[in-house]
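So this one's my_file-v5.cif, mmCIF, C-alpha atoms and all ligand atoms:
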data_run
loop_
_atom_site.label_atom_id
_atom_site.label_comp_id
_atom_site.auth_asym_id
_atom_site.auth_seq_id
_atom_site.Cartn_x
_atom_site.Cartn_y
_atom_site.Cartn_z
CA MET A 19 1.24 11.01 66.16
CA LYS A 20 0.44 7.52 64.89
CA TYR A 21 -2.87 7.44 66.72
CA GLY A 22 -3.77 10.83 65.25
CA ARG A 23 -3.42 9.51 61.72
CA PHE A 24 -5.82 6.61 62.38
CA VAL A 25 -8.46 8.96 63.61
CA LEU A 26 -8.11 11.05 60.49
CA VAL A 27 -8.04 8.24 57.95
CA LEU A 28 -10.85 6.05 59.24
CA PRO A 29 -13.69 8.53 58.74
CA LEU A 30 -12.43 9.23 55.23
CA LEU A 31 -12.59 5.55 54.34
CA LEU A 32 -16.12 5.24 55.66
CA VAL A 33 -17.25 8.23 53.68
CA GLY A 34 -15.56 6.78 50.61
CA CYS A 35 -17.45 3.49 50.91
CA ALA A 36 -20.80 5.06 51.60
CA THR A 37 -20.73 7.53 48.72
CA GLU A 38 -21.55 6.28 45.24
CA PHE A 39 -19.71 7.97 42.43
CA PRO A 40 -22.23 9.94 40.40
CA HIS A 41 -20.74 8.62 37.17
CA ASP A 42 -18.42 5.68 36.62
CA PRO A 43 -17.22 5.69 33.00
CA PRO A 44 -15.80 2.11 33.00
CA ALA A 45 -19.24 0.73 33.98
CA ASP A 46 -20.84 2.46 30.98
CA TYR A 47 -18.17 1.34 28.55
CA GLU A 48 -16.89 -1.90 27.17
CA GLU A 49 -13.18 -2.64 27.44
CA LEU A 50 -11.59 -3.66 24.14
CA ALA A 51 -9.30 -6.67 23.87
CA ALA A 52 -5.62 -5.88 23.43
CA SER A 53 -5.69 -8.16 20.38
CA THR A 54 -7.44 -5.36 18.47
CA ILE A 55 -3.88 -4.08 17.95
CA LEU A 56 -3.34 -5.68 14.60
CA ASP A 57 -1.08 -8.17 13.06
CA ALA A 58 0.61 -6.37 10.20
CA PRO A 59 -0.04 -7.81 6.70
CA SER A 60 2.51 -10.29 5.35
CA PRO A 61 5.02 -9.04 2.81
CA VAL A 62 4.42 -10.15 -0.80
CA PRO A 63 7.53 -12.08 -1.97
CA GLY A 64 7.54 -10.44 -5.43
CA ASN A 65 7.63 -6.95 -3.87
CA PHE A 66 11.17 -7.21 -2.48
CA ALA A 67 14.50 -8.77 -3.44
CA PRO A 68 15.12 -12.17 -1.75
CA GLU A 69 18.34 -10.86 -0.16
CA ASN A 70 16.25 -8.22 1.64
CA ARG A 71 14.05 -10.77 3.36
CA TYR A 72 15.62 -10.22 6.78
CA GLN A 73 15.21 -6.43 6.47
CA VAL A 74 11.55 -6.73 5.42
CA GLU A 75 10.77 -9.17 8.23
CA ARG A 76 12.44 -6.84 10.72
CA GLY A 77 10.23 -4.02 9.35
CA GLU A 78 7.12 -6.15 9.83
CA TYR A 79 8.16 -6.89 13.40
CA LEU A 80 8.69 -3.18 14.10
CA VAL A 81 5.41 -2.09 12.51
CA GLU A 82 3.52 -4.58 14.69
CA LEU A 83 5.47 -3.60 17.79
CA LEU A 84 4.98 0.14 17.23
CA GLY A 85 1.25 -0.28 16.68
CA CYS A 86 1.03 1.45 13.29
CA GLY A 87 -2.02 -0.62 12.30
CA ALA A 88 -3.94 0.44 15.40
CA CYS A 89 -4.55 3.79 13.69
CA HIS A 90 -3.83 3.21 10.00
CA THR A 91 -6.44 0.43 9.54
CA GLU A 92 -10.15 0.75 8.79
CA GLY A 93 -12.21 -0.10 11.87
CA ALA A 94 -9.23 -0.45 14.22
CA LEU A 95 -10.00 2.76 16.12
CA GLU A 96 -13.45 1.38 16.86
CA GLY A 97 -12.21 -2.01 17.98
CA ALA A 98 -13.26 -3.80 14.77
CA PRO A 99 -10.21 -3.84 12.49
CA GLN A 100 -10.80 -5.08 8.93
CA SER A 101 -7.87 -7.36 8.17
CA LYS A 102 -8.13 -6.83 4.40
CA MET A 103 -7.72 -3.11 4.99
CA ALA A 104 -4.65 -3.44 7.21
CA LEU A 105 -2.51 -0.27 6.95
CA ALA A 106 -4.81 1.10 4.20
CA GLY A 107 -6.04 4.07 6.26
CA SER A 108 -9.05 4.82 8.44
CA SER A 109 -12.25 6.67 7.63
CA THR A 110 -12.77 7.04 11.37
CA GLY A 111 -10.73 10.06 12.36
CA ILE A 112 -8.95 11.17 15.51
CA ALA A 113 -9.74 14.53 17.12
CA TRP A 114 -6.67 16.55 17.94
CA SER A 115 -8.47 19.35 19.75
CA ASN A 116 -10.71 18.60 22.71
CA PRO A 117 -14.22 17.59 21.54
CA LEU A 118 -15.49 18.03 25.09
CA GLY A 119 -14.56 21.71 24.86
CA ASP A 120 -14.92 22.50 21.15
CA GLN A 121 -18.19 21.57 19.47
CA TYR A 122 -16.32 20.95 16.22
CA PRO A 123 -12.78 19.77 16.96
CA GLY A 124 -9.94 19.42 14.44
CA ILE A 125 -9.79 15.87 13.06
CA VAL A 126 -7.22 13.89 11.11
CA TYR A 127 -7.90 10.59 9.36
CA PRO A 128 -4.93 8.17 9.53
CA PRO A 129 -3.85 7.88 5.88
CA ASN A 130 -3.34 4.84 3.70
CA ILE A 131 0.30 3.73 4.14
CA THR A 132 0.20 0.78 1.71
CA PRO A 133 2.18 1.25 -1.54
CA ASP A 134 -0.84 2.22 -3.68
CA LYS A 135 0.40 5.07 -5.87
CA GLU A 136 -2.76 7.17 -5.87
CA THR A 137 -4.27 6.72 -2.43
CA GLY A 138 -1.27 5.41 -0.46
CA ILE A 139 2.43 6.20 -0.17
CA GLY A 140 3.58 4.41 -3.36
CA ASP A 141 4.93 7.68 -4.76
CA TRP A 142 6.69 8.81 -1.59
CA SER A 143 10.48 8.60 -1.47
CA ASP A 144 12.24 6.63 1.28
CA SER A 145 13.26 9.83 3.03
CA GLN A 146 9.73 11.28 2.89
CA ILE A 147 8.39 8.15 4.60
CA GLY A 148 11.25 8.12 7.11
CA ASN A 149 10.71 11.83 7.89
CA ALA A 150 6.99 11.31 8.48
CA VAL A 151 7.67 8.50 10.94
CA ARG A 152 10.68 9.94 12.76
CA ALA A 153 10.17 13.70 12.46
CA GLY A 154 6.40 14.19 12.01
CA ILE A 155 6.81 15.84 8.61
CA GLY A 156 3.68 14.86 6.69
CA ARG A 157 1.90 15.91 3.54
CA HIS A 158 0.77 19.20 5.08
CA ALA A 159 3.77 21.44 4.66
CA GLY A 160 4.27 23.93 7.42
CA ARG A 161 3.01 21.93 10.36
CA ARG A 162 4.00 18.77 12.15
CA ILE A 163 1.82 15.69 12.21
CA THR A 164 -0.37 16.26 15.25
CA VAL A 165 -1.72 12.89 16.34
CA MET A 166 0.73 10.20 15.27
CA PRO A 167 3.19 9.62 18.13
CA TRP A 168 6.25 10.32 15.95
CA GLN A 169 8.08 11.66 19.00
CA ALA A 170 8.09 8.08 20.26
CA TYR A 171 9.64 6.96 16.96
CA ALA A 172 12.21 9.79 16.73
CA LYS A 173 14.99 7.64 18.14
CA LEU A 174 14.54 4.75 15.71
CA ASN A 175 17.99 4.16 14.27
CA HIS A 176 18.63 4.45 10.54
CA GLU A 177 18.65 0.69 10.02
CA ASP A 178 15.26 0.23 11.67
CA ALA A 179 13.74 3.20 9.83
CA GLU A 180 14.95 1.67 6.54
CA ALA A 181 13.48 -1.69 7.53
CA ILE A 182 10.08 -0.06 8.15
CA VAL A 183 10.21 1.63 4.73
CA ALA A 184 11.24 -1.64 3.01
CA TYR A 185 8.40 -3.47 4.72
CA LEU A 186 5.77 -0.81 3.88
CA ARG A 187 6.82 -1.13 0.21
CA SER A 188 6.45 -4.91 0.38
CA VAL A 189 2.79 -5.16 1.50
CA PRO A 190 -0.07 -5.47 -1.00
CA PRO A 191 -1.15 -2.04 -2.30
CA VAL A 192 -4.75 -1.29 -1.32
CA ARG A 193 -6.75 1.38 -3.08
CA HIS A 194 -8.54 3.34 -0.36
CA GLU A 195 -8.88 7.04 0.06
CA VAL A 196 -9.42 8.48 3.55
CA PRO A 197 -11.41 11.68 4.17
CA ASP A 198 -9.61 15.03 4.18
CA GLU A 199 -8.68 16.48 7.53
CA VAL A 200 -11.27 18.66 9.25
CA VAL A 201 -10.19 22.10 10.44
CA PRO A 202 -11.48 23.09 13.92
CA GLY A 203 -14.83 24.86 13.74
CA ASN A 204 -16.07 22.69 10.86
CA LYS A 205 -18.46 19.80 11.26
CA ALA A 206 -16.99 16.37 10.46
CA LYS A 207 -18.97 14.25 8.00
CA LYS A 208 -17.28 11.05 9.17
CA PRO A 209 -17.01 9.67 12.72
CA PHE A 210 -14.01 10.28 14.92
CA VAL A 211 -12.60 9.19 18.26
CA TYR A 212 -10.87 11.05 21.00
CA PHE A 213 -8.18 8.87 22.45
CA GLY A 214 -8.99 6.27 25.05
CA VAL A 215 -9.38 2.53 25.47
CA TYR A 216 -13.14 2.50 26.02
CA ARG A 217 -15.96 2.87 23.54
CA SER A 218 -19.61 3.55 24.28
CA ARG A 219 -21.91 0.54 24.09
C1 LIG A 301 -2.03 7.22 17.04
C2 LIG A 301 -2.32 6.90 15.65
C3 LIG A 301 -1.15 6.60 14.75
C4 LIG A 301 -0.15 5.67 14.92
C5 LIG A 301 0.05 4.71 16.09
C6 LIG A 301 0.70 5.78 13.76
N1 LIG A 301 0.23 6.74 12.91
FE1 LIG A 301 1.05 7.31 11.14
N2 LIG A 301 -0.28 8.83 10.99
C7 LIG A 301 -1.38 9.01 11.81
C8 LIG A 301 -2.12 10.18 11.35
C9 LIG A 301 -3.40 10.72 11.99
C10 LIG A 301 -1.43 10.70 10.23
C11 LIG A 301 -1.79 11.94 9.39
C12 LIG A 301 -1.46 13.12 10.27
C13 LIG A 301 -1.54 14.52 9.78
O1 LIG A 301 -1.58 14.79 8.59
O2 LIG A 301 -1.52 15.36 10.70
C14 LIG A 301 -0.28 9.81 10.05
C15 LIG A 301 0.65 9.96 9.01
C16 LIG A 301 1.58 8.99 8.67
C17 LIG A 301 2.41 9.02 7.48
C18 LIG A 301 2.36 10.10 6.42
C19 LIG A 301 1.46 9.59 5.32
C20 LIG A 301 0.54 10.60 4.72
O3 LIG A 301 -0.10 10.25 3.70
O4 LIG A 301 0.40 11.72 5.25
C21 LIG A 301 3.16 7.88 7.47
C22 LIG A 301 4.17 7.44 6.40
C23 LIG A 301 2.84 7.16 8.67
N3 LIG A 301 1.87 7.85 9.37
C24 LIG A 301 3.39 5.94 9.02
C25 LIG A 301 3.22 5.37 10.28
C26 LIG A 301 4.00 4.24 10.75
C27 LIG A 301 5.05 3.49 9.94
C28 LIG A 301 3.60 4.01 12.04
C29 LIG A 301 4.17 2.99 13.02
C30 LIG A 301 5.61 3.07 13.21
C31 LIG A 301 2.53 4.95 12.35
N4 LIG A 301 2.34 5.76 11.27
C32 LIG A 301 1.83 5.00 13.54
C33 LIG A 301 -1.73 8.24 12.91
C34 LIG A 301 -0.91 7.26 13.48
#

For this file, write the structure as structure tokens.
Amino acid sequence: MKYGRFVLVLPLLLVGCATEFPHDPPADYEELAASTILDAPSPVPGNFAPENRYQVERGEYLVELLGCGACHTEGALEGAPQSKMALAGSSTGIAWSNPLGDQYPGIVYPPNITPDKETGIGDWSDSQIGNAVRAGIGRHAGRRITVMPWQAYAKLNHEDAEAIVAYLRSVPPVRHEVPDEVVPGNKAKKPFVYFGVYRSR
């Protein structure tokens, strides 16, 4: 039996070495540094009560750990995050239907989650923010948030969810409007990515 396996495996290995793959995506793409996952912006002392410092710092830690800035920051999805625009939304979108299959996929643009009242979440209540993060209930009534991995945040406990909200309220408000979502079948005016860790050169 053992001998039989050798006979079978050896020719396969030889074939494997001799054949070149017709297309090797990693060779055509550049790998991005893990550091492109952003540092979250520092809280502004005047934006929270001193006794809430621990809560706000915990929120900052969680937002960094959970990678919120990797989507919600201009340039981050293309490996070139703009630190002044941290958490202020991205005008590069994310396709949520398959762009390799659909010519015009559905696209969402990660919104501005700084406390700017007009273009960010300054007017959202604590529970609206908490529901977006933990239950995928966003501004589009009637459907869940499609791209944000809220399922991975669903088990955040109440204390941690509150810390995230307190932190998001403490960062500098940035005025920045992201493009509207694109419904499948319509051509996007702004660029978008389909998830992966490589970008074309
Ligand atoms: C994979 C990318 C991605 C990550 C990571 C991510 N988000 Fe989002 N988020 C989005 C997108 C895209 C939307 C809008 C989705 C929609 O309308 O379908 C969104 C929506 C939201 C909203 C609702 C705001 C609005 O204006 O609609 C909040 C609040 C939010 N995210 C906070 C967070 C926080 C806090 C984290 C980290 C714990 C986080 N997000 C991580 C992509 C992401």

- Query: Using only C-alpha atoms, which residues sit within 8 Å of stretch 61-64 of chain A once same-chain residues fewer than 3 positions away are excluded, as an NGL selection string?
  - Reply: :A and (67-68 or 74-75 or 78 or 185 or 188-190)

Writer output for current selection, C-alpha atoms, as a PDB file, keeping the file's coordinate frame:
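Result file is out_12.pdb:
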ATOM      1  CA  ALA A  67      14.500  -8.770  -3.440  1.00  0.00           C
ATOM      2  CA  PRO A  68      15.120 -12.170  -1.750  1.00  0.00           C
ATOM      3  CA  VAL A  74      11.550  -6.730   5.420  1.00  0.00           C
ATOM      4  CA  GLU A  75      10.770  -9.170   8.230  1.00  0.00           C
ATOM      5  CA  GLU A  78       7.120  -6.150   9.830  1.00  0.00           C
ATOM      6  CA  TYR A 185       8.400  -3.470   4.720  1.00  0.00           C
ATOM      7  CA  SER A 188       6.450  -4.910   0.380  1.00  0.00           C
ATOM      8  CA  VAL A 189       2.790  -5.160   1.500  1.00  0.00           C
ATOM      9  CA  PRO A 190      -0.070  -5.470  -1.000  1.00  0.00           C
TER      10      PRO A 190
END

- Protein and nucleic acid residues within 7 Å of ligand LIG 301 (chain A) (all atoms listed in the file) as a PyMOL selection string: chain A and resi 81+84-90+112+126-131+138-139+147+150-151+156-158+162-167+171+182

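For the set A:Pro99, A:Lys208, A:Gly203, A:Leu80, the residue with the smallest atom-to-atom gap to A:Gly119 is A:Gly203, counting only C-alpha atoms.
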
- Message: Tell me which residues come within 12 Å of (-8.8, 8.5, 22.1), as number ranges by chain, counting only C-alpha atoms in the file's coordinates.
- Response: A: 88-89, 94-97, 110-117, 125, 165-166, 210-217

- Message: Set the distance at 12 Å and use only C-alpha atoms: which residues neighbour A:Arg152 once local chain neighbours fewer than 6 positions away are removed? I'd like the list as a list in words.
- Response: Ser145, Gln146, Arg162, Ile163, Met166, Pro167, Trp168, Gln169, Ala170, Tyr171, Ala172, Lys173, Leu174, Asn175, His176, Asp178, Ala179, Glu180, Ile182 and Val183 of chain A

- Query: So how many Å separate atom CA of A:Arg193 and atom CA of A:Thr137, to one decimal?
  - Reply: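 It comes out at 5.9 Å.
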
- Quick one: distance from atom CA of A:Thr91 to atom CA of A:Ala58 in Å, one decimal? 9.8 Å

- Query: atom CA of A:Arg161 to atom CA of A:Asn204: how many Å, to one decimal?
  - Reply: 19.1 Å

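Minimum atom-to-atom distances from A:Leu186, A:Ala106, A:Ala181, A:Leu118 to A:Ser60 were compared using all atoms listed in the file, and the lowest value belongs to A:Leu186.
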
Where's the centre, and what are the edge lengths in Å to one decimal, of a box along x, y and z enclosing all listed atoms of stretch 99-113 of chain A padded 6 Å per side, as lines of an AutoDock Vina configuration file?
center_x = -7.6
center_y = 3.6
center_z = 10.7
size_x = 22.3
size_y = 33.9
size_z = 24.9

- Task: Would you mind telling me which residue in A:Ala206, A:Lys135, A:Ala184, A:Val192 lies nearest to A:Asn65 when using all atoms listed in the file?
- Result: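 Among the listed residues, A:Ala184 lies closest to A:Asn65.
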